[in-house]
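**Student:** The following file, model-v4.cif, comprises mmCIF, C-alpha atoms:
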data_run
#
loop_
_atom_site.label_atom_id
_atom_site.label_comp_id
_atom_site.auth_asym_id
_atom_site.auth_seq_id
_atom_site.Cartn_x
_atom_site.Cartn_y
_atom_site.Cartn_z
CA MET P 12 62.91 101.18 -44.77
CA SER P 13 64.37 104.30 -43.15
CA ILE P 14 67.66 103.27 -41.53
CA ARG P 15 67.84 106.74 -40.01
CA HIS P 16 64.61 106.35 -38.05
CA ALA P 17 65.20 102.71 -37.18
CA LEU P 18 68.48 103.75 -35.51
CA LEU P 19 66.75 106.60 -33.67
CA ALA P 20 64.14 104.08 -32.45
CA LEU P 21 66.83 101.71 -31.14
CA LEU P 22 68.56 104.60 -29.35
CA SER P 23 65.27 105.77 -27.81
CA GLU P 24 65.52 102.69 -25.55
CA GLY P 25 68.81 104.03 -24.08
CA PRO P 26 72.45 104.71 -25.06
CA LYS P 27 74.09 101.96 -27.13
CA TYR P 28 77.44 101.08 -28.71
CA GLY P 29 77.79 101.01 -32.51
CA LEU P 30 78.31 97.25 -32.62
CA ARG P 31 75.20 96.53 -30.57
CA LEU P 32 73.15 98.91 -32.73
CA ARG P 33 74.22 96.96 -35.77
CA GLU P 34 73.14 93.64 -34.20
CA GLU P 35 69.81 94.94 -32.95
CA PHE P 36 69.17 96.60 -36.27
CA GLU P 37 69.47 93.25 -38.05
CA ALA P 38 67.31 91.43 -35.48
CA GLY P 39 64.66 94.16 -35.15
CA THR P 40 63.66 94.18 -38.79
CA GLY P 41 62.52 90.57 -38.57
CA GLU P 42 65.16 89.61 -41.15
CA VAL P 43 62.54 90.26 -43.76
CA TRP P 44 64.13 93.27 -45.43
CA PRO P 45 67.68 92.72 -46.61
CA LEU P 46 69.79 95.69 -45.47
CA ASN P 47 73.18 97.09 -46.21
CA ILE P 48 74.96 97.09 -42.86
CA GLY P 49 77.70 99.47 -44.10
CA GLN P 50 75.04 102.16 -44.21
CA VAL P 51 74.47 101.86 -40.47
CA TYR P 52 77.77 103.61 -39.67
CA THR P 53 77.43 106.35 -42.29
CA THR P 54 73.88 107.01 -41.07
CA LEU P 55 75.11 107.29 -37.46
CA GLN P 56 77.64 109.91 -38.57
CA ARG P 57 74.93 111.93 -40.30
CA LEU P 58 72.56 111.69 -37.34
CA GLU P 59 75.35 113.03 -35.10
CA ARG P 60 76.12 115.82 -37.57
CA ASP P 61 72.41 116.81 -37.59
CA GLY P 62 72.29 116.90 -33.79
CA LEU P 63 69.74 114.07 -33.52
CA ILE P 64 72.16 111.82 -31.61
CA GLU P 65 75.38 112.44 -29.70
CA SER P 66 78.33 110.22 -28.70
CA ASP P 67 80.43 109.87 -25.54
CA ASP P 68 83.78 109.72 -27.16
CA GLU P 69 85.06 112.50 -29.38
CA ASP P 70 88.50 110.91 -29.92
CA GLU P 71 87.70 107.58 -31.51
CA GLN P 72 85.94 108.58 -34.71
CA ASP P 73 83.83 105.80 -36.31
CA SER P 74 84.90 103.14 -33.80
CA PRO P 75 82.32 100.36 -33.33
CA GLN P 76 82.94 100.86 -29.60
CA LYS P 77 81.65 104.42 -29.70
CA ARG P 78 78.53 104.89 -27.55
CA PHE P 79 75.56 106.89 -28.90
CA ARG P 80 72.53 108.46 -27.25
CA ILE P 81 69.45 110.15 -28.71
CA THR P 82 69.00 113.93 -28.18
CA ALA P 83 65.71 115.71 -27.39
CA GLU P 84 65.62 116.88 -30.99
CA GLY P 85 66.15 113.27 -32.13
CA GLU P 86 63.17 112.15 -30.02
CA ARG P 87 60.98 114.83 -31.58
CA GLU P 88 62.10 113.82 -35.07
CA LEU P 89 61.31 110.15 -34.32
CA ALA P 90 57.84 110.94 -32.91
CA ASP P 91 57.03 113.09 -35.96
CA TRP P 92 58.21 110.41 -38.39
CA LEU P 93 56.12 107.66 -36.71
CA ARG P 94 52.96 109.73 -37.18
CA THR P 95 53.58 110.99 -40.71
CA PRO P 96 51.75 108.72 -43.21
CA PRO P 97 53.97 107.52 -46.05
CA ASP P 98 52.91 108.27 -49.62
CA MET P 99 50.15 105.72 -50.30
CA SER P 100 48.84 107.24 -53.52
CA SER P 101 48.79 104.67 -56.31
CA PRO P 102 51.99 104.13 -58.27
CA PRO P 103 52.02 105.71 -61.76
CA ARG P 104 52.27 102.27 -63.37
CA ASP P 105 51.15 99.02 -61.81
CA GLU P 106 52.71 96.35 -64.00
CA LEU P 107 50.18 93.64 -63.18
CA VAL P 108 47.19 95.91 -63.90
CA ILE P 109 48.79 96.92 -67.19
CA LYS P 110 49.38 93.29 -68.21
CA VAL P 111 45.72 92.43 -67.62
CA LEU P 112 44.51 95.55 -69.48
CA VAL P 113 46.86 94.84 -72.38
CA ALA P 114 45.72 91.19 -72.49
CA LEU P 115 42.20 92.48 -73.25
CA LEU P 116 43.55 94.10 -76.44
CA VAL P 117 45.52 91.14 -77.80
CA PRO P 118 43.37 89.08 -80.21
CA GLY P 119 43.00 85.42 -79.33
CA THR P 120 44.21 85.87 -75.74
CA ASP P 121 42.31 84.09 -72.96
CA VAL P 122 42.47 86.91 -70.39
CA ARG P 123 41.16 84.67 -67.62
CA GLU P 124 44.03 82.28 -68.27
CA VAL P 125 46.44 85.22 -68.03
CA ILE P 126 44.79 86.18 -64.72
CA GLN P 127 45.15 82.62 -63.44
CA ALA P 128 48.91 82.57 -64.19
CA HIS P 129 49.33 85.64 -61.97
CA ARG P 130 46.95 84.32 -59.31
CA ARG P 131 48.90 81.06 -59.02
CA TYR P 132 52.20 82.90 -58.69
CA LEU P 133 50.79 85.14 -55.92
CA VAL P 134 49.30 82.20 -54.00
CA GLU P 135 52.64 80.36 -54.24
CA LEU P 136 54.38 83.40 -52.76
CA MET P 137 51.77 83.52 -49.99
CA GLN P 138 52.37 79.83 -49.25
CA GLN P 139 56.06 80.60 -48.73
CA TRP P 140 55.32 83.47 -46.34
CA THR P 141 52.82 81.31 -44.46
CA ARG P 142 55.51 78.59 -44.05
CA ILE P 143 57.76 81.23 -42.45
CA LYS P 144 54.95 82.31 -40.12
CA ASP P 145 54.22 78.68 -39.24
CA ALA P 146 57.89 77.86 -38.53
CA ASP P 147 58.22 80.90 -36.26
CA ALA P 148 54.99 79.99 -34.36
CA GLY P 149 54.51 83.53 -33.02
CA ARG P 150 57.90 83.81 -31.25
CA ASP P 151 59.23 86.81 -33.20
CA LEU P 152 56.67 89.64 -33.09
CA ALA P 153 58.50 91.80 -35.66
CA LEU P 154 58.72 88.89 -38.09
CA GLY P 155 55.03 88.05 -37.59
CA LEU P 156 53.97 91.63 -38.32
CA ALA P 157 56.21 91.91 -41.37
CA VAL P 158 54.98 88.58 -42.79
CA ASP P 159 51.34 89.60 -42.20
CA ALA P 160 51.98 92.84 -44.10
CA GLU P 161 53.25 90.84 -47.08
CA LEU P 162 50.33 88.39 -46.87
CA PHE P 163 47.70 91.14 -46.73
CA ARG P 164 49.36 93.00 -49.61
CA LEU P 165 49.48 89.89 -51.82
CA ASP P 166 45.95 88.91 -50.75
CA ALA P 167 44.66 92.30 -51.93
CA VAL P 168 46.16 91.66 -55.36
CA VAL P 169 44.61 88.16 -55.54
CA ARG P 170 41.24 89.70 -54.63
CA TRP P 171 41.62 92.26 -57.40
CA LEU P 172 42.37 89.40 -59.84
CA ASP P 173 39.26 87.52 -58.60
CA ALA P 174 37.13 90.63 -59.12
CA ALA P 175 38.66 91.22 -62.57
CA ASP P 176 37.99 87.56 -63.47
CA GLY P 177 34.31 87.96 -62.50
CA ARG P 178 33.97 91.26 -64.36
CA ILE P 179 35.48 89.82 -67.54
CA LYS P 180 33.23 86.76 -67.33
CA ARG P 181 30.15 88.98 -67.00
CA ALA P 182 31.32 91.30 -69.78
CA ALA P 183 31.55 88.32 -72.16
CA VAL P 184 27.86 87.53 -71.51
CA GLU P 185 26.56 91.09 -71.50
CA PRO P 186 28.96 93.48 -73.30
CA PRO P 187 29.37 96.81 -71.47
CA ARG P 188 27.30 99.71 -72.79
CA ALA P 189 29.02 102.56 -74.58
CA ALA P 190 30.77 105.02 -72.29
CA ARG P 191 28.87 108.16 -71.38
CA ASP P 192 30.45 111.39 -72.59
CA ASP P 193 29.49 113.43 -69.57
CA LEU P 194 31.59 111.33 -67.16
CA PRO P 195 35.18 112.45 -66.54
CA ARG P 196 37.69 110.21 -68.31
CA LEU P 197 39.93 108.06 -66.15
CA LYS P 198 43.34 109.67 -66.33
CA ARG P 199 46.68 107.91 -66.40
CA LYS P 200 46.80 107.99 -62.63
CA THR P 201 43.76 107.59 -60.39
CA GLY P 202 45.55 108.06 -57.07
CA VAL P 203 44.92 110.90 -54.66
CA THR P 204 47.60 113.55 -54.84
CA ARG P 205 48.85 115.02 -51.63
CA MET J 266 48.12 55.05 -50.77
CA SER J 267 46.08 58.20 -51.07
CA MET J 268 43.60 58.97 -48.32
CA LEU J 269 41.28 60.45 -50.93
CA GLU J 270 41.27 59.96 -54.65
CA LEU J 271 38.87 61.40 -57.21
CA ARG J 272 39.18 59.93 -60.71
CA LYS J 273 37.52 61.83 -63.56
CA VAL J 274 34.58 62.76 -61.38
CA SER J 275 31.68 64.61 -63.01
CA LYS J 276 28.41 65.77 -61.52
CA VAL J 277 25.45 66.94 -63.56
CA TYR J 278 22.28 68.37 -62.01
CA GLY J 279 19.02 68.55 -63.99
CA LEU J 280 18.32 67.45 -67.55
CA GLY J 281 18.20 69.02 -71.02
CA ALA J 282 17.81 72.78 -70.99
CA THR J 283 18.15 73.00 -67.19
CA GLU J 284 21.26 70.83 -67.09
CA VAL J 285 24.07 72.18 -64.89
CA ARG J 286 27.51 70.63 -65.06
CA ALA J 287 28.73 71.25 -61.51
CA LEU J 288 31.90 69.17 -61.90
CA GLN J 289 33.66 67.99 -65.03
CA ASP J 290 36.40 65.34 -65.09
CA VAL J 291 37.85 66.28 -61.73
CA THR J 292 40.91 64.23 -60.75
CA LEU J 293 42.47 64.85 -57.36
CA GLU J 294 44.66 62.91 -54.91
CA VAL J 295 45.23 63.77 -51.26
CA ALA J 296 47.97 61.90 -49.38
CA PRO J 297 47.86 61.23 -45.61
CA GLY J 298 49.42 64.16 -43.74
CA SER J 299 48.80 66.71 -46.47
CA MET J 300 46.42 69.62 -46.82
CA VAL J 301 44.94 70.55 -50.17
CA ALA J 302 43.04 73.80 -50.57
CA VAL J 303 40.43 74.13 -53.30
CA MET J 304 40.08 77.75 -54.39
CA GLY J 305 37.47 79.14 -56.68
CA PRO J 306 34.65 81.67 -56.94
CA SER J 307 31.15 80.83 -55.70
CA GLY J 308 29.36 78.54 -58.12
CA SER J 309 32.63 77.04 -59.36
CA GLY J 310 31.77 73.58 -57.99
CA LYS J 311 34.07 73.52 -54.98
CA SER J 312 31.37 72.63 -52.44
CA THR J 313 30.01 69.90 -54.74
CA LEU J 314 33.53 68.47 -54.89
CA LEU J 315 33.57 68.30 -51.10
CA THR J 316 30.16 66.64 -50.69
CA ILE J 317 31.07 64.03 -53.30
CA ALA J 318 34.46 63.40 -51.65
CA GLY J 319 32.62 62.91 -48.34
CA SER J 320 30.12 60.43 -49.89
CA LEU J 321 27.24 62.78 -49.02
CA GLU J 322 26.40 62.88 -52.72
CA GLU J 323 27.09 60.53 -55.63
CA PRO J 324 28.97 61.52 -58.77
CA THR J 325 27.23 61.22 -62.16
CA SER J 326 30.38 59.55 -63.46
CA GLY J 327 33.91 58.80 -62.26
CA GLN J 328 35.29 57.11 -59.17
CA VAL J 329 35.79 58.23 -55.57
CA LEU J 330 38.17 56.27 -53.35
CA VAL J 331 38.50 56.88 -49.61
CA ALA J 332 41.50 55.10 -48.03
CA GLY J 333 41.59 52.90 -51.12
CA HIS J 334 37.92 51.88 -50.94
CA ASP J 335 35.84 52.61 -54.04
CA LEU J 336 32.63 54.24 -52.77
CA ALA J 337 30.65 52.89 -55.76
CA THR J 338 31.23 49.29 -54.64
CA MET J 339 30.14 49.91 -51.04
CA SER J 340 26.69 49.28 -49.59
CA ARG J 341 24.71 52.11 -47.98
CA ASN J 342 25.58 50.75 -44.54
CA ASP J 343 29.28 50.49 -45.35
CA LYS J 344 29.27 54.05 -46.62
CA ALA J 345 27.48 55.27 -43.50
CA ARG J 346 30.10 53.48 -41.37
CA LEU J 347 32.91 55.04 -43.42
CA ARG J 348 31.37 58.49 -42.92
CA ARG J 349 31.10 57.91 -39.16
CA ARG J 350 34.55 56.43 -38.65
CA SER J 351 36.91 57.85 -41.25
CA ILE J 352 35.62 61.21 -42.41
CA GLY J 353 35.29 64.41 -40.41
CA TYR J 354 33.34 67.41 -41.69
CA VAL J 355 33.75 71.04 -40.74
CA PHE J 356 31.27 73.63 -41.94
CA GLN J 357 31.21 77.40 -41.78
CA ASP J 358 28.62 77.49 -38.99
CA PHE J 359 30.31 75.09 -36.51
CA ASN J 360 27.22 72.87 -35.93
CA LEU J 361 27.97 72.21 -32.26
CA LEU J 362 25.10 71.00 -30.05
CA PRO J 363 24.30 73.74 -27.52
CA GLY J 364 23.34 71.42 -24.61
CA LEU J 365 26.66 69.56 -24.62
CA THR J 366 30.08 70.69 -23.39
CA ALA J 367 33.02 70.98 -25.80
CA ALA J 368 34.31 67.55 -24.67
CA GLU J 369 30.86 65.95 -25.06
CA ASN J 370 30.44 67.47 -28.52
CA VAL J 371 33.80 66.04 -29.58
CA ALA J 372 33.01 62.62 -28.06
CA LEU J 373 29.54 62.43 -29.63
CA PRO J 374 30.47 60.89 -33.02
CA LEU J 375 32.29 58.07 -31.23
CA GLU J 376 29.36 57.41 -28.89
CA LEU J 377 26.98 57.35 -31.86
CA ASP J 378 29.30 54.76 -33.39
CA GLY J 379 28.89 52.49 -30.33
CA VAL J 380 32.06 53.38 -28.42
CA SER J 381 31.48 53.33 -24.64
CA ALA J 382 30.80 56.72 -23.05
CA ARG J 383 33.98 56.57 -20.96
CA LYS J 384 36.25 55.70 -23.90
CA ALA J 385 34.58 58.27 -26.11
CA ARG J 386 35.08 60.93 -23.49
CA GLU J 387 38.76 60.01 -23.13
CA ALA J 388 39.28 60.20 -26.91
CA GLY J 389 37.40 63.51 -26.98
CA LEU J 390 39.63 65.00 -24.30
CA ARG J 391 42.69 63.71 -26.12
CA ALA J 392 41.61 65.38 -29.38
CA LEU J 393 40.97 68.68 -27.55
CA THR J 394 44.35 68.45 -25.77
CA ASP J 395 46.22 67.64 -29.00
CA LEU J 396 44.78 70.76 -30.56
CA GLY J 397 45.46 73.02 -27.57
CA LEU J 398 41.88 73.25 -26.24
CA ALA J 399 42.13 71.21 -23.01
CA ASP J 400 41.14 74.22 -20.87
CA ARG J 401 37.89 74.62 -22.79
CA ALA J 402 36.75 70.98 -22.44
CA SER J 403 33.96 71.64 -19.93
CA ASN J 404 32.68 74.87 -21.51
CA TYR J 405 29.35 74.94 -23.36
CA PRO J 406 29.33 76.33 -26.92
CA ASP J 407 27.74 79.62 -25.81
CA GLN J 408 30.68 80.10 -23.41
CA LEU J 409 33.15 79.85 -26.30
CA SER J 410 34.17 82.49 -28.84
CA GLY J 411 33.46 81.91 -32.53
CA GLY J 412 37.07 80.91 -33.12
CA GLU J 413 37.05 78.45 -30.20
CA ARG J 414 33.77 76.92 -31.39
CA GLN J 415 35.25 76.27 -34.81
CA ARG J 416 38.36 74.73 -33.24
CA VAL J 417 36.14 72.41 -31.17
CA ALA J 418 34.37 71.48 -34.43
CA ILE J 419 37.77 70.58 -35.92
CA ALA J 420 38.64 68.44 -32.86
CA ARG J 421 35.31 66.68 -33.35
CA ALA J 422 36.11 66.10 -37.02
CA VAL J 423 39.41 64.36 -36.26
CA VAL J 424 38.44 62.52 -33.04
CA GLY J 425 39.16 58.80 -32.94
CA ASP J 426 40.62 57.37 -36.12
CA ARG J 427 39.24 59.90 -38.57
CA HIS J 428 41.92 60.51 -41.14
CA LEU J 429 40.08 62.55 -43.73
CA LEU J 430 39.03 66.07 -42.83
CA LEU J 431 36.74 67.91 -45.23
CA ALA J 432 36.20 71.59 -44.50
CA ASP J 433 33.92 74.00 -46.35
CA GLU J 434 34.94 77.66 -45.74
CA PRO J 435 35.91 76.71 -42.16
CA SER J 436 36.73 80.27 -41.17
CA GLY J 437 34.13 82.03 -43.28
CA ALA J 438 32.57 84.02 -40.45
CA LEU J 439 35.72 84.56 -38.38
CA ASP J 440 38.11 87.52 -38.25
CA SER J 441 41.60 87.06 -39.66
CA GLU J 442 43.23 86.16 -36.34
CA ASN J 443 40.67 83.44 -35.55
CA GLY J 444 40.71 82.32 -39.17
CA GLU J 445 44.44 81.81 -38.85
CA ALA J 446 44.01 79.88 -35.58
CA VAL J 447 41.58 77.54 -37.34
CA MET J 448 43.97 76.99 -40.25
CA ARG J 449 46.90 76.42 -37.87
CA MET J 450 44.83 73.76 -36.16
CA ILE J 451 43.98 71.95 -39.39
CA HIS J 452 47.69 72.19 -40.25
CA THR J 453 48.55 70.61 -36.86
CA ALA J 454 46.05 67.80 -37.49
CA CYS J 455 47.74 67.18 -40.87
CA LYS J 456 51.17 66.97 -39.23
CA ARG J 457 49.66 64.12 -37.20
CA GLY J 458 48.75 62.26 -40.38
CA VAL J 459 45.27 63.57 -41.23
CA ALA J 460 44.57 64.31 -44.90
CA ALA J 461 42.57 67.52 -45.31
CA VAL J 462 40.66 69.17 -48.12
CA VAL J 463 39.75 72.78 -47.39
CA VAL J 464 37.43 74.64 -49.72
CA THR J 465 37.84 78.41 -49.60
CA HIS J 466 37.82 81.57 -51.67
CA ASP J 467 40.33 83.20 -49.30
CA ALA J 468 43.96 83.16 -50.51
CA GLN J 469 45.38 83.77 -47.02
CA LEU J 470 43.67 80.66 -45.68
CA ALA J 471 44.50 78.63 -48.79
CA SER J 472 48.16 79.54 -48.33
CA TRP J 473 48.30 77.19 -45.30
CA ALA J 474 47.84 74.24 -47.66
CA ASP J 475 50.63 72.13 -49.12
CA ARG J 476 48.93 72.39 -52.48
CA VAL J 477 46.29 74.76 -53.80
CA VAL J 478 44.10 73.65 -56.70
CA PHE J 479 42.09 76.22 -58.60
CA ILE J 480 38.61 75.31 -59.76
CA ARG J 481 36.62 77.23 -62.35
CA ASP J 482 33.29 76.32 -63.94
CA GLY J 483 33.49 72.80 -62.49
CA ARG J 484 36.99 72.03 -63.75
CA ILE J 485 40.36 72.04 -62.02
CA VAL J 486 42.25 74.52 -64.18
CA ASP J 487 45.53 74.90 -62.32
CA GLN J 488 47.48 74.08 -59.16
CA THR J 489 50.45 75.42 -57.23
CA MET J 490 53.94 73.91 -57.34
CA PRO J 491 55.47 72.40 -54.17
CA VAL J 492 56.40 75.09 -51.64
CA PRO J 493 60.16 75.83 -51.45
CA GLY J 494 61.88 76.44 -48.09
CA PRO J 495 61.82 79.83 -46.31
CA GLU J 496 65.39 80.65 -47.44
CA SER J 497 63.95 81.56 -50.82
CA LEU J 498 62.37 84.67 -49.29
CA LEU J 499 64.54 85.49 -46.28
CA GLY J 500 67.97 87.08 -46.26
CA GLN J 501 68.26 87.32 -50.01
CA ASP J 502 71.53 89.28 -50.07
CA ARG J 503 73.41 87.74 -47.19
#
Please rewrite the model in this file as structure tokens.

**Tutor:**
Amino acid sequence: MSIRHALLALLSEGPKYGLRLREEFEAGTGEVWPLNIGQVYTTLQRLERDGLIESDDEDEQDSPQKRFRITAEGERELADWLRTPPDMSSPPRDELVIKVLVALLVPGTDVREVIQAHRRYLVELMQQWTRIKDADAGRDLALGLAVDAELFRLDAVVRWLDAADGRIKRAAVEPPRAARDDLPRLKRKTGVTR
Amino acid sequence: MSMLELRKVSKVYGLGATEVRALQDVTLEVAPGSMVAVMGPSGSGKSTLLTIAGSLEEPTSGQVLVAGHDLATMSRNDKARLRRRSIGYVFQDFNLLPGLTAAENVALPLELDGVSARKAREAGLRALTDLGLADRASNYPDQLSGGERQRVAIARAVVGDRHLLLADEPSGALDSENGEAVMRMIHTACKRGVAAVVVTHDAQLASWADRVVFIRDGRIVDQTMPVPGPESLLGQDR
């Protein structure tokens, strides 16, 4: 979570005092991501230094009563940031994938039972998120969006486990043929580099 | 008392070389007011579990109890009455009658059971209102969206005194928003005391359940632990 850009976003609605920014910052993130509030003030100082925001009062340094407003440069920075895709290439090591691949190598291991242990844990996490969504009943839009993001992310992992389960079951019946030499080997990382 | 109880239920189709063990020693209890999701890949036996729980099919061995009544000791007529009065079914393809309004569709099972048309209609409207569909009561199925049709089908499944709701991939053909609306509605019905068994392969839908059981090759292999409160995920460092 970029505190810098979240603060710019809050200031794009109009000038605000430090204290109010802090409150809105906590509320606006749907309380899903724990944040260090101390960083809010240091980030405001840096934004001012970089000319992305400016304050009314030059005398009272760092006062929570200081009022900030976004500059034209700050608005450009915010618009650019919103439209720049974050790095979505695959992580160098996905621990869950590695555990399943390693399980295949360990003699006497029921890989499908290993898969089920992870599947159950993920579904339990999803149940907890769904309880939060249910309790909120659509009142907090930011919370709803953040919870959906978690649910879709966990769901994708469960679906990968389901697919892996099916593949392993089929492989036990009809062992995979030997790998062809003319195909490029899968490297450590399969993600797209940017 | 459990609303539904399966004790060591097995189901075998075919004989000898063609024998298929669809269910093996399945034991499951569903209390009033709770939703259990049954998750598993296709061919794992989850739909067979549902048809046996709903007395649409008989187990090869084991016992099925609905509201404490052992299905094996009931006559055909008693079972038919139980199906009409206590059990509601929801399928993937809604099964609403096109010539009837939403309210008439919901009232139909009661009318077929001999309840007067007026009383059935009142109960139908009540079920639609309880589940937030009062404004759709006089619409015909082709005037409803897919999500609304499935919600009407759920109202029909719980109309009157039906306390056991059995749903097979109830949001299979719906997008995620409508799928969620359907699950919310089943959840609401459960808060009113209905016991529900929802069969699905979709983890997001299953996560609405109080308990998720995992079925594989006809056996229940695992289940989730009770869900802790939201504080376990929110505000971890405050």

**Student:** Would you kindly translate the PyMOL selection byres ((chain J and resi 469-486) around 6) into the concrete residues it picks from this file, as a list in words?

**Tutor:** Met137 and Gln138 of chain P; Ala287, Leu288, Gln289, Met300, Val301, Ala302, Val303, Met304, Gly305, Ser309, Gly310, Asp467, Ala468, Asp487, Gln488 and Thr489 of chain J

**Student:** Find the residue from J:Ser307, J:Ile419, J:Gly425, J:Lys273 that sits nearest to chain P; use only C-alpha atoms when measuring.

**Tutor:**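 Closest residue, counting only C-alpha atoms: J:Ser307.
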
**Student:** Got a sec to resolve the PyMOL selection byres ((chain P and resi 165-172) around 10) on this structure and send the residues as a ChimeraX atom specification?

**Tutor:** /P:107-108,111,123,126-127,129-134,136-137,159-164,173-178 /J:466-470,472

**Student:** Mind giving me the axis-aligned box for region 126-130 of chain P with 8 Å on every side, centre plus edges in Å to one decimal, as AutoDock Vina command-line options?

**Tutor:**
--center_x 47.1 --center_y 84.4 --center_z -62.0 --size_x 20.5 --size_y 19.6 --size_z 21.4

**Student:** Calculate how many Å separate CA of Gly25 (chain P) from CA of Pro97 (chain P), rounding to one decimal.

**Tutor:**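 Between CA of Gly25 (chain P) and CA of Pro97 (chain P) the gap is 26.7 Å.
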
**Student:** Find the residues near region 353-356 of chain J: any atom within 12 Å, counting all atoms listed in the file, skip ones fewer than 6 places away on the same chain, and give them as an mmCIF file with C-alpha atoms, keeping the file's coordinate frame.

**Tutor:**
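Result saved to around15.cif:
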data_model
loop_
_atom_site.group_PDB
_atom_site.id
_atom_site.type_symbol
_atom_site.label_atom_id
_atom_site.label_comp_id
_atom_site.auth_asym_id
_atom_site.auth_seq_id
_atom_site.Cartn_x
_atom_site.Cartn_y
_atom_site.Cartn_z
ATOM 1 C CA SER J 312 31.370 72.630 -52.440
ATOM 2 C CA LEU J 315 33.570 68.300 -51.100
ATOM 3 C CA THR J 316 30.160 66.640 -50.690
ATOM 4 C CA ALA J 318 34.460 63.400 -51.650
ATOM 5 C CA GLY J 319 32.620 62.910 -48.340
ATOM 6 C CA SER J 320 30.120 60.430 -49.890
ATOM 7 C CA LEU J 321 27.240 62.780 -49.020
ATOM 8 C CA LEU J 347 32.910 55.040 -43.420
ATOM 9 C CA VAL J 371 33.800 66.040 -29.580
ATOM 10 C CA PRO J 374 30.470 60.890 -33.020
ATOM 11 C CA LEU J 375 32.290 58.070 -31.230
ATOM 12 C CA ARG J 414 33.770 76.920 -31.390
ATOM 13 C CA GLN J 415 35.250 76.270 -34.810
ATOM 14 C CA ARG J 416 38.360 74.730 -33.240
ATOM 15 C CA VAL J 417 36.140 72.410 -31.170
ATOM 16 C CA ALA J 418 34.370 71.480 -34.430
ATOM 17 C CA ILE J 419 37.770 70.580 -35.920
ATOM 18 C CA ALA J 420 38.640 68.440 -32.860
ATOM 19 C CA ARG J 421 35.310 66.680 -33.350
ATOM 20 C CA ALA J 422 36.110 66.100 -37.020
ATOM 21 C CA VAL J 423 39.410 64.360 -36.260
ATOM 22 C CA VAL J 424 38.440 62.520 -33.040
ATOM 23 C CA GLY J 425 39.160 58.800 -32.940
ATOM 24 C CA ASP J 426 40.620 57.370 -36.120
ATOM 25 C CA ARG J 427 39.240 59.900 -38.570
ATOM 26 C CA HIS J 428 41.920 60.510 -41.140
ATOM 27 C CA LEU J 429 40.080 62.550 -43.730
ATOM 28 C CA LEU J 430 39.030 66.070 -42.830
ATOM 29 C CA LEU J 431 36.740 67.910 -45.230
ATOM 30 C CA ALA J 432 36.200 71.590 -44.500
ATOM 31 C CA ASP J 433 33.920 74.000 -46.350
ATOM 32 C CA GLU J 434 34.940 77.660 -45.740
ATOM 33 C CA PRO J 435 35.910 76.710 -42.160
ATOM 34 C CA SER J 436 36.730 80.270 -41.170
ATOM 35 C CA GLY J 437 34.130 82.030 -43.280
ATOM 36 C CA ALA J 438 32.570 84.020 -40.450
ATOM 37 C CA VAL J 447 41.580 77.540 -37.340
ATOM 38 C CA MET J 448 43.970 76.990 -40.250
ATOM 39 C CA ILE J 451 43.980 71.950 -39.390
ATOM 40 C CA ALA J 454 46.050 67.800 -37.490
ATOM 41 C CA VAL J 459 45.270 63.570 -41.230
ATOM 42 C CA ALA J 460 44.570 64.310 -44.900
ATOM 43 C CA ALA J 461 42.570 67.520 -45.310
ATOM 44 C CA VAL J 462 40.660 69.170 -48.120
ATOM 45 C CA VAL J 463 39.750 72.780 -47.390
ATOM 46 C CA VAL J 464 37.430 74.640 -49.720
ATOM 47 C CA THR J 465 37.840 78.410 -49.600
#

**Student:** On this file, the PyMOL selection byres ((chain J and resi 266) around 10) gives some set of residues; write that set as a short mmCIF file (atom, residue, chain, number, x, y, z; two decimals) with C-alpha atoms, in the coordinates of the input.

**Tutor:**
data_model
loop_
_atom_site.label_atom_id
_atom_site.label_comp_id
_atom_site.auth_asym_id
_atom_site.auth_seq_id
_atom_site.Cartn_x
_atom_site.Cartn_y
_atom_site.Cartn_z
CA SER J 267 46.08 58.20 -51.07
CA MET J 268 43.60 58.97 -48.32
CA LEU J 269 41.28 60.45 -50.93
CA GLU J 270 41.27 59.96 -54.65
CA GLU J 294 44.66 62.91 -54.91
CA VAL J 295 45.23 63.77 -51.26
CA ALA J 296 47.97 61.90 -49.38
CA PRO J 297 47.86 61.23 -45.61
CA VAL J 331 38.50 56.88 -49.61
CA ALA J 332 41.50 55.10 -48.03
CA GLY J 333 41.59 52.90 -51.12
#

**Student:** Could you tell me how far CA of Thr54 (chain P) lies from CA of Gln76 (chain P), in Å and to one decimal?

**Tutor:** 15.9 Å

**Student:** Identify which of the residues J:Gly412, J:Tyr278, J:Lys384, J:Asn370 lies closest to Gln357 (chain J), counting all atoms listed in the file when measuring atom-to-atom distances.

**Tutor:**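 Using all atoms listed in the file, Gln357 (chain J) sits closest to J:Gly412.
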
**Student:** Using only C-alpha atoms, which residue out of J:Met450, J:Val380, J:Ala368, J:Leu373 lies closest to Asp395 (chain J)?

**Tutor:**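 Among J:Met450, J:Val380, J:Ala368, J:Leu373, it is J:Met450 that comes nearest to Asp395 (chain J).
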